[in-house]
file upload35.pdb (PDB, C-alpha atoms)
ATOM      1  CA  MET L  19      46.953  55.155 211.031
ATOM      2  CA  ILE L  20      43.264  54.906 211.914
ATOM      3  CA  ARG L  21      42.152  57.273 214.652
ATOM      4  CA  LEU L  22      39.208  57.009 217.019
ATOM      5  CA  THR L  23      37.318  59.699 215.057
ATOM      6  CA  HIS L  24      37.724  57.602 211.896
ATOM      7  CA  VAL L  25      36.260  54.551 213.658
ATOM      8  CA  LEU L  26      33.338  56.619 214.955
ATOM      9  CA  ILE L  27      32.596  58.032 211.481
ATOM     10  CA  ILE L  28      32.743  54.518 209.966
ATOM     11  CA  ILE L  29      30.334  53.210 212.645
ATOM     12  CA  PHE L  30      28.048  56.191 211.994
ATOM     13  CA  GLY L  31      28.152  55.456 208.235
ATOM     14  CA  ILE L  32      27.327  51.772 208.755
ATOM     15  CA  VAL L  33      24.443  52.574 211.130
ATOM     16  CA  MET L  34      23.025  55.083 208.647
ATOM     17  CA  LEU L  35      23.425  52.585 205.821
ATOM     18  CA  LEU L  36      21.479  50.005 207.835
ATOM     19  CA  LEU L  37      18.781  52.560 208.703
ATOM     20  CA  THR L  38      18.504  53.513 205.022
ATOM     21  CA  PHE L  39      18.142  49.863 204.038
ATOM     22  CA  ASN L  40      15.543  49.353 206.765
ATOM     23  CA  GLN L  41      13.506  52.332 205.494
ATOM     24  CA  PHE L  42      13.744  50.965 201.948
ATOM     25  CA  ARG L  43      12.607  47.522 203.106
ATOM     26  CA  LYS L  44       9.593  49.093 204.868
ATOM     27  CA  LYS L  45       8.865  50.920 201.594
ATOM     28  CA  LYS L  46       9.186  54.293 203.298
ATOM     29  CA  LEU L  47      11.966  55.161 200.850
ATOM     30  CA  ASN L  48      11.722  54.728 197.094
ATOM     31  CA  TYR L  49      14.409  53.143 194.926
ATOM     32  CA  LEU L  50      15.930  56.485 193.896
ATOM     33  CA  GLY L  51      16.046  57.733 197.494
ATOM     34  CA  PHE L  52      17.602  54.460 198.617
ATOM     35  CA  MET L  53      20.302  54.703 195.934
ATOM     36  CA  ILE L  54      21.083  58.363 196.730
ATOM     37  CA  TRP L  55      21.307  57.917 200.495
ATOM     38  CA  SER L  56      23.204  54.626 200.265
ATOM     39  CA  SER L  57      25.721  56.329 197.983
ATOM     40  CA  VAL L  58      26.156  59.150 200.504
ATOM     41  CA  TRP L  59      26.956  56.730 203.350
ATOM     42  CA  ILE L  60      29.163  54.504 201.188
ATOM     43  CA  ILE L  61      31.130  57.535 199.985
ATOM     44  CA  LEU L  62      31.512  58.633 203.616
ATOM     45  CA  ILE L  63      32.854  55.220 204.692
ATOM     46  CA  ALA L  64      35.053  54.915 201.610
ATOM     47  CA  GLY L  65      36.359  58.423 202.216
ATOM     48  CA  ILE L  66      37.561  57.423 205.674
ATOM     49  CA  LEU L  67      38.996  54.062 204.546
ATOM     50  CA  LEU L  68      40.779  55.686 201.611
ATOM     51  CA  PHE L  69      41.848  58.641 203.699
ATOM     52  CA  LYS L  70      45.468  58.491 202.508
ATOM     53  CA  VAL L  71      44.487  58.509 198.832
ATOM     54  CA  ILE L  72      42.130  61.436 199.323
ATOM     55  CA  GLU L  73      44.779  63.248 201.316
ATOM     56  CA  ARG L  74      47.217  62.882 198.409
ATOM     57  CA  VAL L  75      44.614  64.027 195.849
ATOM     58  CA  ALA L  76      43.575  66.974 197.997
ATOM     59  CA  THR L  77      47.099  68.261 198.540
ATOM     60  CA  LEU L  78      48.386  67.462 195.060
ATOM     61  CA  PHE L  79      45.538  68.634 192.828
ATOM     62  CA  LEU L  80      43.462  70.945 194.965
ATOM     63  CA  ASN L  81      46.151  72.234 197.284
ATOM     64  CA  ILE L  82      43.903  72.023 200.334
ATOM     65  CA  ARG L  83      43.872  69.948 203.512
ATOM     66  CA  THR L  84      41.816  66.725 203.540
ATOM     67  CA  PHE L  85      39.662  68.044 206.353
ATOM     68  CA  ASP L  86      38.856  71.168 204.328
ATOM     69  CA  LEU L  87      37.893  68.989 201.372
ATOM     70  CA  PHE L  88      35.527  66.973 203.596
ATOM     71  CA  VAL L  89      33.936  70.146 204.954
ATOM     72  CA  ILE L  90      33.445  71.600 201.462
ATOM     73  CA  VAL L  91      31.907  68.371 200.140
ATOM     74  CA  ALA L  92      29.660  68.095 203.219
ATOM     75  CA  ILE L  93      28.420  71.676 202.792
ATOM     76  CA  LEU L  94      27.720  71.043 199.107
ATOM     77  CA  ILE L  95      25.757  67.897 199.957
ATOM     78  CA  ILE L  96      23.753  69.826 202.572
ATOM     79  CA  PHE L  97      22.878  72.500 199.999
ATOM     80  CA  ILE L  98      21.770  69.865 197.488
ATOM     81  CA  VAL L  99      19.623  68.141 200.130
ATOM     82  CA  ILE L 100      18.027  71.471 201.160
ATOM     83  CA  PHE L 101      17.272  72.274 197.529
ATOM     84  CA  LEU L 102      15.714  68.855 196.907
ATOM     85  CA  LEU L 103      13.695  69.057 200.143
ATOM     86  CA  ASN L 104      12.430  72.517 199.266
ATOM     87  CA  TYR L 105      11.407  71.336 195.814
ATOM     88  CA  SER L 106       9.674  68.281 197.204
ATOM     89  CA  ILE L 107       7.829  70.334 199.892
ATOM     90  CA  ASN L 108       6.554  72.759 197.248
ATOM     91  CA  GLU L 109       5.411  69.923 195.000
ATOM     92  CA  ASN L 110       3.606  68.245 197.896
ATOM     93  CA  ARG L 111       1.994  71.532 198.930
ATOM     94  CA  LYS L 112       0.670  72.010 195.398
ATOM     95  CA  LYS L 113      -0.740  68.468 195.358
ATOM     96  CA  ILE L 114      -2.411  68.976 198.750
ATOM     97  CA  GLU L 115      -3.905  72.273 197.560
ATOM     98  CA  GLU L 116      -5.300  70.580 194.448
ATOM     99  CA  ILE L 117      -6.870  67.778 196.502
ATOM    100  CA  VAL L 118      -8.381  70.149 199.083
ATOM    101  CA  GLU L 119      -9.810  72.433 196.393
ATOM    102  CA  GLU L 120     -11.162  69.522 194.362
ATOM    103  CA  THR L 121     -12.823  68.022 197.454
ATOM    104  CA  ALA L 122     -14.336  71.367 198.448
ATOM    105  CA  LEU L 123     -15.731  72.050 194.978
ATOM    106  CA  LYS L 124     -17.126  68.503 194.729
ATOM    107  CA  GLU L 125     -18.811  68.925 198.102
ATOM    108  CA  ALA L 126     -20.318  72.214 196.934
ATOM    109  CA  LYS L 127     -21.594  70.591 193.746
ATOM    110  CA  LYS L 128     -23.375  67.858 195.708
ATOM    111  CA  LYS L 129     -25.486  70.391 197.632
TER     112      LYS L 129
ATOM    113  CA  MET P  18     -26.229  90.651 186.888
ATOM    114  CA  LYS P  19     -25.255  88.069 189.478
ATOM    115  CA  ILE P  20     -23.325  89.315 192.500
ATOM    116  CA  ILE P  21     -21.696  86.774 194.792
ATOM    117  CA  ALA P  22     -19.912  87.525 198.070
ATOM    118  CA  VAL P  23     -17.063  85.283 199.186
ATOM    119  CA  ILE P  24     -16.241  85.117 202.886
ATOM    120  CA  PRO P  25     -13.288  83.032 204.069
ATOM    121  CA  ALA P  26     -13.704  82.053 207.714
ATOM    122  CA  PHE P  27     -11.670  80.421 210.444
ATOM    123  CA  ASN P  28     -13.036  80.027 213.981
ATOM    124  CA  GLU P  29     -15.557  82.836 213.497
ATOM    125  CA  SER P  30     -18.752  81.205 214.801
ATOM    126  CA  LYS P  31     -19.332  84.078 217.224
ATOM    127  CA  ARG P  32     -19.017  86.866 214.656
ATOM    128  CA  ILE P  33     -19.973  85.495 211.264
ATOM    129  CA  GLU P  34     -23.774  85.415 211.555
ATOM    130  CA  PRO P  35     -24.452  89.183 211.413
ATOM    131  CA  VAL P  36     -21.855  89.545 208.640
ATOM    132  CA  ILE P  37     -23.700  86.980 206.470
ATOM    133  CA  LYS P  38     -27.142  88.379 207.247
ATOM    134  CA  LYS P  39     -26.090  91.922 206.392
ATOM    135  CA  THR P  40     -24.205  90.831 203.262
ATOM    136  CA  LYS P  41     -27.211  88.873 201.964
ATOM    137  CA  ARG P  42     -29.150  92.111 201.663
ATOM    138  CA  PHE P  43     -26.829  93.396 198.960
ATOM    139  CA  VAL P  44     -25.819  90.301 196.973
ATOM    140  CA  ASP P  45     -27.476  87.332 195.254
ATOM    141  CA  GLU P  46     -25.452  84.661 196.987
ATOM    142  CA  VAL P  47     -23.051  84.402 199.914
ATOM    143  CA  ILE P  48     -20.343  81.739 199.817
ATOM    144  CA  VAL P  49     -18.597  80.992 203.095
ATOM    145  CA  VAL P  50     -15.440  78.890 202.932
ATOM    146  CA  ASP P  51     -14.767  77.431 206.358
ATOM    147  CA  ASP P  52     -11.021  76.916 206.608
ATOM    148  CA  HIS P  53     -11.328  73.817 208.814
ATOM    149  CA  SER P  54     -12.421  75.741 211.927
ATOM    150  CA  ARG P  55     -12.367  74.104 215.339
ATOM    151  CA  ASP P  56     -15.669  75.723 216.303
ATOM    152  CA  ASN P  57     -19.034  75.521 214.525
ATOM    153  CA  THR P  58     -18.402  78.251 211.955
ATOM    154  CA  TYR P  59     -19.648  75.970 209.171
ATOM    155  CA  GLU P  60     -22.991  75.210 210.866
ATOM    156  CA  THR P  61     -23.489  78.870 211.845
ATOM    157  CA  ALA P  62     -22.828  80.014 208.286
ATOM    158  CA  LYS P  63     -25.304  77.490 206.893
ATOM    159  CA  LYS P  64     -27.949  78.499 209.413
ATOM    160  CA  ALA P  65     -27.439  82.165 208.531
ATOM    161  CA  GLY P  66     -28.298  81.360 204.918
ATOM    162  CA  ALA P  67     -24.914  81.155 203.252
ATOM    163  CA  LYS P  68     -23.730  78.497 200.865
ATOM    164  CA  ALA P  69     -21.065  77.025 203.137
ATOM    165  CA  ILE P  70     -18.236  74.704 202.245
ATOM    166  CA  ARG P  71     -15.740  73.247 204.662
ATOM    167  CA  LEU P  72     -12.138  72.577 203.708
ATOM    168  CA  ILE P  73     -10.724  69.208 204.791
ATOM    169  CA  SER P  74      -7.612  70.904 206.136
ATOM    170  CA  ASN P  75      -6.606  74.364 207.362
ATOM    171  CA  MET P  76      -5.039  75.994 204.311
ATOM    172  CA  GLY P  77      -5.038  79.730 205.034
ATOM    173  CA  ALA P  78      -7.166  82.756 204.211
ATOM    174  CA  GLY P  79      -5.733  83.150 200.712
ATOM    175  CA  PHE P  80      -6.499  79.596 199.738
ATOM    176  CA  ALA P  81     -10.022  79.705 201.225
ATOM    177  CA  THR P  82     -10.787  82.925 199.347
ATOM    178  CA  ARG P  83      -9.492  81.423 196.095
ATOM    179  CA  VAL P  84     -11.674  78.327 196.488
ATOM    180  CA  GLY P  85     -14.666  80.581 197.197
ATOM    181  CA  CYS P  86     -13.957  82.712 194.118
ATOM    182  CA  ASP P  87     -13.503  79.604 191.936
ATOM    183  CA  LEU P  88     -16.883  78.396 193.162
ATOM    184  CA  ALA P  89     -18.415  81.810 192.497
ATOM    185  CA  MET P  90     -17.079  81.618 188.944
ATOM    186  CA  LYS P  91     -18.639  78.171 188.526
ATOM    187  CA  ASN P  92     -21.906  79.620 189.810
ATOM    188  CA  ARG P  93     -21.695  82.196 186.997
ATOM    189  CA  ALA P  94     -21.018  85.285 189.048
ATOM    190  CA  ASP P  95     -20.667  88.556 187.172
ATOM    191  CA  ILE P  96     -19.271  90.407 190.143
ATOM    192  CA  ILE P  97     -17.438  88.912 193.117
ATOM    193  CA  ILE P  98     -17.066  90.631 196.465
ATOM    194  CA  THR P  99     -14.579  89.436 199.058
ATOM    195  CA  LEU P 100     -14.820  90.416 202.690
ATOM    196  CA  ASP P 101     -13.698  89.171 206.087
ATOM    197  CA  ALA P 102     -15.821  87.044 208.385
ATOM    198  CA  ASP P 103     -14.990  88.832 211.621
ATOM    199  CA  GLY P 104     -16.856  92.069 210.923
ATOM    200  CA  GLN P 105     -13.726  93.993 209.945
ATOM    201  CA  HIS P 106     -15.502  95.003 206.775
ATOM    202  CA  ASP P 107     -18.947  96.518 207.101
ATOM    203  CA  PRO P 108     -21.288  94.874 204.537
ATOM    204  CA  GLU P 109     -23.331  98.097 204.510
ATOM    205  CA  GLU P 110     -20.552  99.505 202.329
ATOM    206  CA  ILE P 111     -21.033  96.913 199.561
ATOM    207  CA  PRO P 112     -23.371  99.203 197.536
ATOM    208  CA  LYS P 113     -20.670 101.879 197.585
ATOM    209  CA  LEU P 114     -18.140  99.443 196.089
ATOM    210  CA  LEU P 115     -20.619  98.139 193.513
ATOM    211  CA  LYS P 116     -21.690 101.615 192.495
ATOM    212  CA  THR P 117     -18.112 102.707 191.867
ATOM    213  CA  LEU P 118     -17.321  99.496 189.947
ATOM    214  CA  GLN P 119     -20.277  99.964 187.615
ATOM    215  CA  GLU P 120     -20.275 103.738 187.342
ATOM    216  CA  TYR P 121     -16.638 103.951 186.208
ATOM    217  CA  ASN P 122     -16.708 100.639 184.296
ATOM    218  CA  LEU P 123     -13.795  99.305 186.347
ATOM    219  CA  ASP P 124     -12.260  95.858 186.747
ATOM    220  CA  ILE P 125     -11.792  96.113 190.469
ATOM    221  CA  VAL P 126     -12.578  98.307 193.443
ATOM    222  CA  PHE P 127     -10.544  98.230 196.651
ATOM    223  CA  GLY P 128     -12.230  98.972 199.970
ATOM    224  CA  SER P 129      -9.458 101.159 201.301
ATOM    225  CA  ARG P 130      -9.152 101.819 205.033
ATOM    226  CA  PRO P 131      -7.750 105.161 206.180
ATOM    227  CA  ARG P 132      -4.710 104.740 208.409
ATOM    228  CA  ASN P 133      -6.246 106.484 211.398
ATOM    229  CA  GLU P 134      -6.239 105.816 215.135
ATOM    230  CA  ASN P 135      -8.627 102.883 214.658
ATOM    231  CA  MET P 136      -5.770 100.959 213.069
ATOM    232  CA  PRO P 137      -3.104  99.757 215.547
ATOM    233  CA  LYS P 138       0.206 101.625 215.106
ATOM    234  CA  ILE P 139       2.220  98.580 214.083
ATOM    235  CA  ARG P 140      -0.372  97.633 211.449
ATOM    236  CA  ARG P 141      -0.442 101.204 210.176
ATOM    237  CA  LEU P 142       3.311 101.008 209.663
ATOM    238  CA  GLY P 143       3.137  97.558 208.035
ATOM    239  CA  ASN P 144       0.277  98.638 205.796
ATOM    240  CA  TRP P 145       2.140 101.746 204.666
ATOM    241  CA  GLY P 146       5.389  99.810 204.162
ATOM    242  CA  LEU P 147       3.909  97.040 202.032
ATOM    243  CA  SER P 148       1.841  99.470 199.957
ATOM    244  CA  PHE P 149       4.970 101.589 199.430
ATOM    245  CA  ILE P 150       7.034  98.564 198.284
ATOM    246  CA  ALA P 151       4.222  97.564 195.896
ATOM    247  CA  LYS P 152       4.238 101.117 194.540
ATOM    248  CA  ILE P 153       8.017 101.107 194.003
ATOM    249  CA  LEU P 154       8.207  97.630 192.456
ATOM    250  CA  PHE P 155       4.973  97.482 190.474
ATOM    251  CA  ASN P 156       3.823 101.085 190.259
ATOM    252  CA  SER P 157       0.740 100.105 192.249
ATOM    253  CA  LYS P 158      -1.518 103.074 192.854
ATOM    254  CA  VAL P 159      -3.412 101.407 195.684
ATOM    255  CA  LYS P 160      -2.916 103.123 199.046
ATOM    256  CA  ASP P 161      -4.150 100.164 201.113
ATOM    257  CA  THR P 162      -2.862  96.991 199.484
ATOM    258  CA  GLN P 163      -3.576  95.046 202.673
ATOM    259  CA  THR P 164      -7.345  95.299 202.516
ATOM    260  CA  GLY P 165      -9.337  92.138 202.006
ATOM    261  CA  TYR P 166     -12.425  94.085 200.955
ATOM    262  CA  HIS P 167     -12.688  93.966 197.143
ATOM    263  CA  ALA P 168     -15.281  93.991 194.404
ATOM    264  CA  PHE P 169     -14.217  92.762 190.981
ATOM    265  CA  THR P 170     -15.686  91.513 187.752
ATOM    266  CA  SER P 171     -15.577  87.857 186.711
ATOM    267  CA  LYS P 172     -13.629  88.934 183.613
ATOM    268  CA  ALA P 173     -10.852  90.341 185.788
ATOM    269  CA  TYR P 174     -10.660  87.320 188.095
ATOM    270  CA  PRO P 175      -8.445  85.085 185.880
ATOM    271  CA  MET P 176      -5.905  87.913 185.774
ATOM    272  CA  ILE P 177      -5.847  88.488 189.510
ATOM    273  CA  ARG P 178      -6.163  84.849 190.608
ATOM    274  CA  TRP P 179      -3.458  84.443 193.260
ATOM    275  CA  SER P 180      -1.314  81.531 194.357
ATOM    276  CA  SER P 181      -0.576  82.683 197.931
ATOM    277  CA  SER P 182      -2.342  80.566 200.494
ATOM    278  CA  ARG P 183      -1.954  82.681 203.598
ATOM    279  CA  TYR P 184      -2.022  86.430 204.229
ATOM    280  CA  GLY P 185       0.252  87.168 201.248
ATOM    281  CA  VAL P 186      -2.919  87.005 199.175
ATOM    282  CA  VAL P 187      -3.818  90.687 199.565
ATOM    283  CA  THR P 188      -0.379  91.802 198.438
ATOM    284  CA  GLU P 189      -0.407  89.421 195.457
ATOM    285  CA  PHE P 190      -3.891  90.651 194.625
ATOM    286  CA  ALA P 191      -2.753  94.298 194.426
ATOM    287  CA  VAL P 192       0.406  93.318 192.552
ATOM    288  CA  ASN P 193      -1.569  91.323 189.948
ATOM    289  CA  VAL P 194      -3.886  94.286 189.429
ATOM    290  CA  ALA P 195      -0.888  96.559 188.810
ATOM    291  CA  LYS P 196       0.976  94.008 186.653
ATOM    292  CA  ASN P 197      -2.012  93.432 184.378
ATOM    293  CA  GLY P 198      -2.861  97.104 184.151
ATOM    294  CA  LEU P 199      -6.432  96.557 185.338
ATOM    295  CA  ARG P 200      -8.707  99.515 185.798
ATOM    296  CA  CYS P 201      -9.097 100.038 189.514
ATOM    297  CA  LYS P 202     -10.207 102.601 192.053
ATOM    298  CA  GLU P 203     -10.207 102.856 195.816
ATOM    299  CA  VAL P 204     -13.283 103.547 197.869
ATOM    300  CA  GLU P 205     -12.820 104.619 201.441
ATOM    301  CA  VAL P 206     -14.340 102.208 203.937
ATOM    302  CA  LYS P 207     -14.467 102.240 207.724
ATOM    303  CA  THR P 208     -11.363 101.109 209.610
ATOM    304  CA  ILE P 209     -12.604  98.474 212.018
ATOM    305  CA  TYR P 210     -10.284  96.270 214.034
ATOM    306  CA  VAL P 211     -12.248  93.694 215.975
ATOM    307  CA  ASP P 212      -9.269  91.753 217.330
ATOM    308  CA  LYS P 213      -6.120  93.860 217.328
ATOM    309  CA  ASN P 214      -3.869  90.850 217.948
ATOM    310  CA  PHE P 215      -5.256  88.821 215.078
ATOM    311  CA  GLY P 216      -4.440  88.967 211.403
ATOM    312  CA  MET P 217      -1.228  89.575 209.515
ATOM    313  CA  ARG P 218       1.882  89.058 211.643
ATOM    314  CA  LYS P 219       5.366  90.542 211.224
ATOM    315  CA  ARG P 220       6.464  87.225 209.737
ATOM    316  CA  ASP P 221       3.725  87.481 207.085
ATOM    317  CA  ALA P 222       4.818  91.029 206.224
ATOM    318  CA  VAL P 223       8.419  89.867 205.706
ATOM    319  CA  ARG P 224       7.196  86.968 203.556
ATOM    320  CA  ALA P 225       5.009  89.326 201.511
ATOM    321  CA  THR P 226       8.028  91.590 200.881
ATOM    322  CA  ILE P 227      10.189  88.637 199.762
ATOM    323  CA  SER P 228       7.361  87.397 197.522
ATOM    324  CA  MET P 229       7.049  90.844 195.917
ATOM    325  CA  LEU P 230      10.751  90.825 195.091
ATOM    326  CA  LYS P 231      10.371  87.322 193.612
ATOM    327  CA  TRP P 232       7.388  88.384 191.471
ATOM    328  CA  ARG P 233       9.340  91.420 190.306
ATOM    329  CA  ILE P 234      12.304  89.268 189.218
ATOM    330  CA  LYS P 235      10.023  86.710 187.554
ATOM    331  CA  LYS P 236       8.260  89.317 185.449
TER     332      LYS P 236
END
call {"tool": "encode", "arguments": {"input": "upload35.pdb", "output": "structure tokens"}}
result
Amino acid sequence: MIRLTHVLIIIFGIVMLLLTFNQFRKKKLNYLGFMIWSSVWIILIAGILLFKVIERVATLFLNIRTFDLFVIVAILIIFIVIFLLNYSINENRKKIEEIVEETALKEAKKK
Amino acid sequence: MKIIAVIPAFNESKRIEPVIKKTKRFVDEVIVVDDHSRDNTYETAKKAGAKAIRLISNMGAGFATRVGCDLAMKNRADIIITLDADGQHDPEEIPKLLKTLQEYNLDIVFGSRPRNENMPKIRRLGNWGLSFIAKILFNSKVKDTQTGYHAFTSKAYPMIRWSSSRYGVVTEFAVNVAKNGLRCKEVEVKTIYVDKNFGMRKRDAVRATISMLKWRIKK
């Protein structure tokens, strides 16, 4: 039986999928980013549609409730995203530092 | 022997002129790195006779000092002196630092400020705390790791070159000196606090502590 919360999560997943595609079309998201985020939303929608299957897997093999499984997976995804964001911020900071230093030293050389 | 002073500056147009003029008396060249100030620090520094460069973005005191030192190295400095732009460090004390550096054949001299009543209480505590942690983790013998007043040789610079962009620079500086076993000494300088609300914040002190732990693990 599909509940209202399931419908809302599916709508949320579809909206996010459309937003992701829109960002990719505007070239604000690269191919890898598009693939990763699309997969996240598709897995979310599929997870709700295949709720019964997941429920069986969760109780049979993992001996946990489906909701618990969702929470654990969501937390893991959040940690991965934080890690990737942190890495990307540090990389960008290094690049900015290089550019600023290079520009400053070039300016000094001109004088 | 070429001596170059490096002064990082941010919004210091009102205070930087006398600092440059006094510093010029004791060194061959003064490099001012304007950290994208909103006032006319850059123009004031140039007028006062310094070689001024302006960063295209505000990057922090640590970054500005590093750029200045890199430039000093390119300009073939033998000795580099770093000091603040706000008058916190009296340039009249440069000869004292230089004399100690040369007399004892050292790699670096720290301008160490006594923790007296001239230093606000909270900064006294922070200064003591960070210096104590550096002592425990890296066996640093420097009593005032938070000073920005240094004199060091160009040979020592590659070993102490820091990666911190903001106020963590002074801690990393002292840690690199200890880690590389460089010959150093402290020279007492005046404790001057021009703006008691400006400078290293509690947040920076926490960050510096975390960074020290990271550097310790990395080693």
call {"tool": "interface_residues", "arguments": {"input": "upload35.pdb", "of": "chain P", "to": "chain L", "cutoff": "12 Å", "atoms": "all atoms listed in the file", "output": "ChimeraX atom specification"}}
result
/P:48-53,63,67-77,79-92,180-182
call {"tool": "residues_around", "arguments": {"input": "upload35.pdb", "residues": "region 74-85 of chain L", "least_positions_apart": "6", "cutoff": "12 Å", "atoms": "all atoms listed in the file", "output": "PDB file with C-alpha atoms, in the coordinates of the input"}}
result
ATOM      1  CA  HIS L  24      37.724  57.602 211.896  1.00  0.00           C
ATOM      2  CA  GLY L  65      36.359  58.423 202.216  1.00  0.00           C
ATOM      3  CA  ILE L  66      37.561  57.423 205.674  1.00  0.00           C
ATOM      4  CA  LEU L  68      40.779  55.686 201.611  1.00  0.00           C
ATOM      5  CA  VAL L  91      31.907  68.371 200.140  1.00  0.00           C
ATOM      6  CA  ALA L  92      29.660  68.095 203.219  1.00  0.00           C
TER       7      ALA L  92
END
call {"tool": "atom_distance", "arguments": {"input": "upload35.pdb", "atom1": "CA of Phe101 (chain L)", "atom2": "CA of Leu230 (chain P)"}}
result
19.8 Å
call {"tool": "closest_residue", "arguments": {"input": "upload35.pdb", "among": "L:Trp59, L:Leu94, L:Asn110, L:Leu67", "to": "Val33 (chain L)", "atoms": "all atoms listed in the file"}}
result
L:Trp59
call {"tool": "residues_around", "arguments": {"input": "upload35.pdb", "residues": "Lys219 (chain P)", "least_positions_apart": "3", "cutoff": "10 Å", "atoms": "all atoms listed in the file", "output": "PDB file with C-alpha atoms, in the frame of the given file"}}
result
ATOM      1  CA  ILE P 139       2.220  98.580 214.083  1.00  0.00           C
ATOM      2  CA  ARG P 140      -0.372  97.633 211.449  1.00  0.00           C
ATOM      3  CA  GLY P 143       3.137  97.558 208.035  1.00  0.00           C
ATOM      4  CA  GLY P 216      -4.440  88.967 211.403  1.00  0.00           C
ATOM      5  CA  ALA P 222       4.818  91.029 206.224  1.00  0.00           C
ATOM      6  CA  VAL P 223       8.419  89.867 205.706  1.00  0.00           C
ATOM      7  CA  ARG P 224       7.196  86.968 203.556  1.00  0.00           C
ATOM      8  CA  ALA P 225       5.009  89.326 201.511  1.00  0.00           C
TER       9      ALA P 225
END
call {"tool": "residues_near_point", "arguments": {"input": "upload35.pdb", "point": "(23.4, 58.3, 198.7)", "cutoff": "12 Å", "atoms": "all atoms listed in the file", "output": "PDB file with C-alpha atoms, keeping the file's coordinate frame"}}
result
ATOM      1  CA  GLY L  31      28.152  55.456 208.235  1.00  0.00           C
ATOM      2  CA  MET L  34      23.025  55.083 208.647  1.00  0.00           C
ATOM      3  CA  LEU L  35      23.425  52.585 205.821  1.00  0.00           C
ATOM      4  CA  THR L  38      18.504  53.513 205.022  1.00  0.00           C
ATOM      5  CA  PHE L  39      18.142  49.863 204.038  1.00  0.00           C
ATOM      6  CA  TYR L  49      14.409  53.143 194.926  1.00  0.00           C
ATOM      7  CA  LEU L  50      15.930  56.485 193.896  1.00  0.00           C
ATOM      8  CA  GLY L  51      16.046  57.733 197.494  1.00  0.00           C
ATOM      9  CA  PHE L  52      17.602  54.460 198.617  1.00  0.00           C
ATOM     10  CA  MET L  53      20.302  54.703 195.934  1.00  0.00           C
ATOM     11  CA  ILE L  54      21.083  58.363 196.730  1.00  0.00           C
ATOM     12  CA  TRP L  55      21.307  57.917 200.495  1.00  0.00           C
ATOM     13  CA  SER L  56      23.204  54.626 200.265  1.00  0.00           C
ATOM     14  CA  SER L  57      25.721  56.329 197.983  1.00  0.00           C
ATOM     15  CA  VAL L  58      26.156  59.150 200.504  1.00  0.00           C
ATOM     16  CA  TRP L  59      26.956  56.730 203.350  1.00  0.00           C
ATOM     17  CA  ILE L  60      29.163  54.504 201.188  1.00  0.00           C
ATOM     18  CA  ILE L  61      31.130  57.535 199.985  1.00  0.00           C
ATOM     19  CA  LEU L  62      31.512  58.633 203.616  1.00  0.00           C
ATOM     20  CA  ILE L  63      32.854  55.220 204.692  1.00  0.00           C
ATOM     21  CA  ILE L  95      25.757  67.897 199.957  1.00  0.00           C
ATOM     22  CA  ILE L  98      21.770  69.865 197.488  1.00  0.00           C
ATOM     23  CA  VAL L  99      19.623  68.141 200.130  1.00  0.00           C
TER      24      VAL L  99
END
call {"tool": "atom_distance", "arguments": {"input": "upload35.pdb", "atom1": "CA of Lys202 (chain P)", "atom2": "CA of Lys160 (chain P)"}}
result
10.1 Å
call {"tool": "resolve_selection", "arguments": {"input": "upload35.pdb", "expression": "the PyMOL selection byres ((chain P and resi 177) around 10)", "output": "PyMOL selection string"}}
result
chain P and resi 125+169+172-176+178-180+189-197+199
call {"tool": "write_last_selection", "arguments": {"input": "upload35.pdb", "atoms": "C-alpha atoms", "output": "PDB file, keeping the file's coordinate frame"}}
result
ATOM      1  CA  ILE P 125     -11.792  96.113 190.469  1.00  0.00           C
ATOM      2  CA  PHE P 169     -14.217  92.762 190.981  1.00  0.00           C
ATOM      3  CA  LYS P 172     -13.629  88.934 183.613  1.00  0.00           C
ATOM      4  CA  ALA P 173     -10.852  90.341 185.788  1.00  0.00           C
ATOM      5  CA  TYR P 174     -10.660  87.320 188.095  1.00  0.00           C
ATOM      6  CA  PRO P 175      -8.445  85.085 185.880  1.00  0.00           C
ATOM      7  CA  MET P 176      -5.905  87.913 185.774  1.00  0.00           C
ATOM      8  CA  ARG P 178      -6.163  84.849 190.608  1.00  0.00           C
ATOM      9  CA  TRP P 179      -3.458  84.443 193.260  1.00  0.00           C
ATOM     10  CA  SER P 180      -1.314  81.531 194.357  1.00  0.00           C
ATOM     11  CA  GLU P 189      -0.407  89.421 195.457  1.00  0.00           C
ATOM     12  CA  PHE P 190      -3.891  90.651 194.625  1.00  0.00           C
ATOM     13  CA  ALA P 191      -2.753  94.298 194.426  1.00  0.00           C
ATOM     14  CA  VAL P 192       0.406  93.318 192.552  1.00  0.00           C
ATOM     15  CA  ASN P 193      -1.569  91.323 189.948  1.00  0.00           C
ATOM     16  CA  VAL P 194      -3.886  94.286 189.429  1.00  0.00           C
ATOM     17  CA  ALA P 195      -0.888  96.559 188.810  1.00  0.00           C
ATOM     18  CA  LYS P 196       0.976  94.008 186.653  1.00  0.00           C
ATOM     19  CA  ASN P 197      -2.012  93.432 184.378  1.00  0.00           C
ATOM     20  CA  LEU P 199      -6.432  96.557 185.338  1.00  0.00           C
TER      21      LEU P 199
END
call {"tool": "atom_distance", "arguments": {"input": "upload35.pdb", "atom1": "CA of Val159 (chain P)", "atom2": "CA of Val36 (chain P)"}}
result
25.5 Å
call {"tool": "resolve_selection", "arguments": {"input": "upload35.pdb", "expression": "the PyMOL selection byres ((chain P and resi 58) around 10)", "output": "PyMOL selection string"}}
result
chain P and resi 26-34+49-57+59-64+69+71+102
call {"tool": "resolve_selection", "arguments": {"input": "upload35.pdb", "expression": "the PyMOL selection byres ((chain P and resi 128) around 9)", "output": "PyMOL selection string"}}
result
chain P and resi 106+110+114+126-127+129-130+161+164-168+202-207
call {"tool": "decode", "arguments": {"input": "upload35.pdb", "residues": "region 39-43 of chain P", "atoms": "C-alpha atoms", "output": "compact mmCIF listing (two decimals), in the first residue's frame"}}
result
# COMPACT_ATOMS: atom_id res chain seq x y z
CA LYS P 39 60.84 53.74 10.92
CA THR P 40 61.48 50.28 9.44
CA LYS P 41 63.25 51.75 6.40
CA ARG P 42 65.97 53.09 8.67
CA PHE P 43 67.08 49.59 9.60
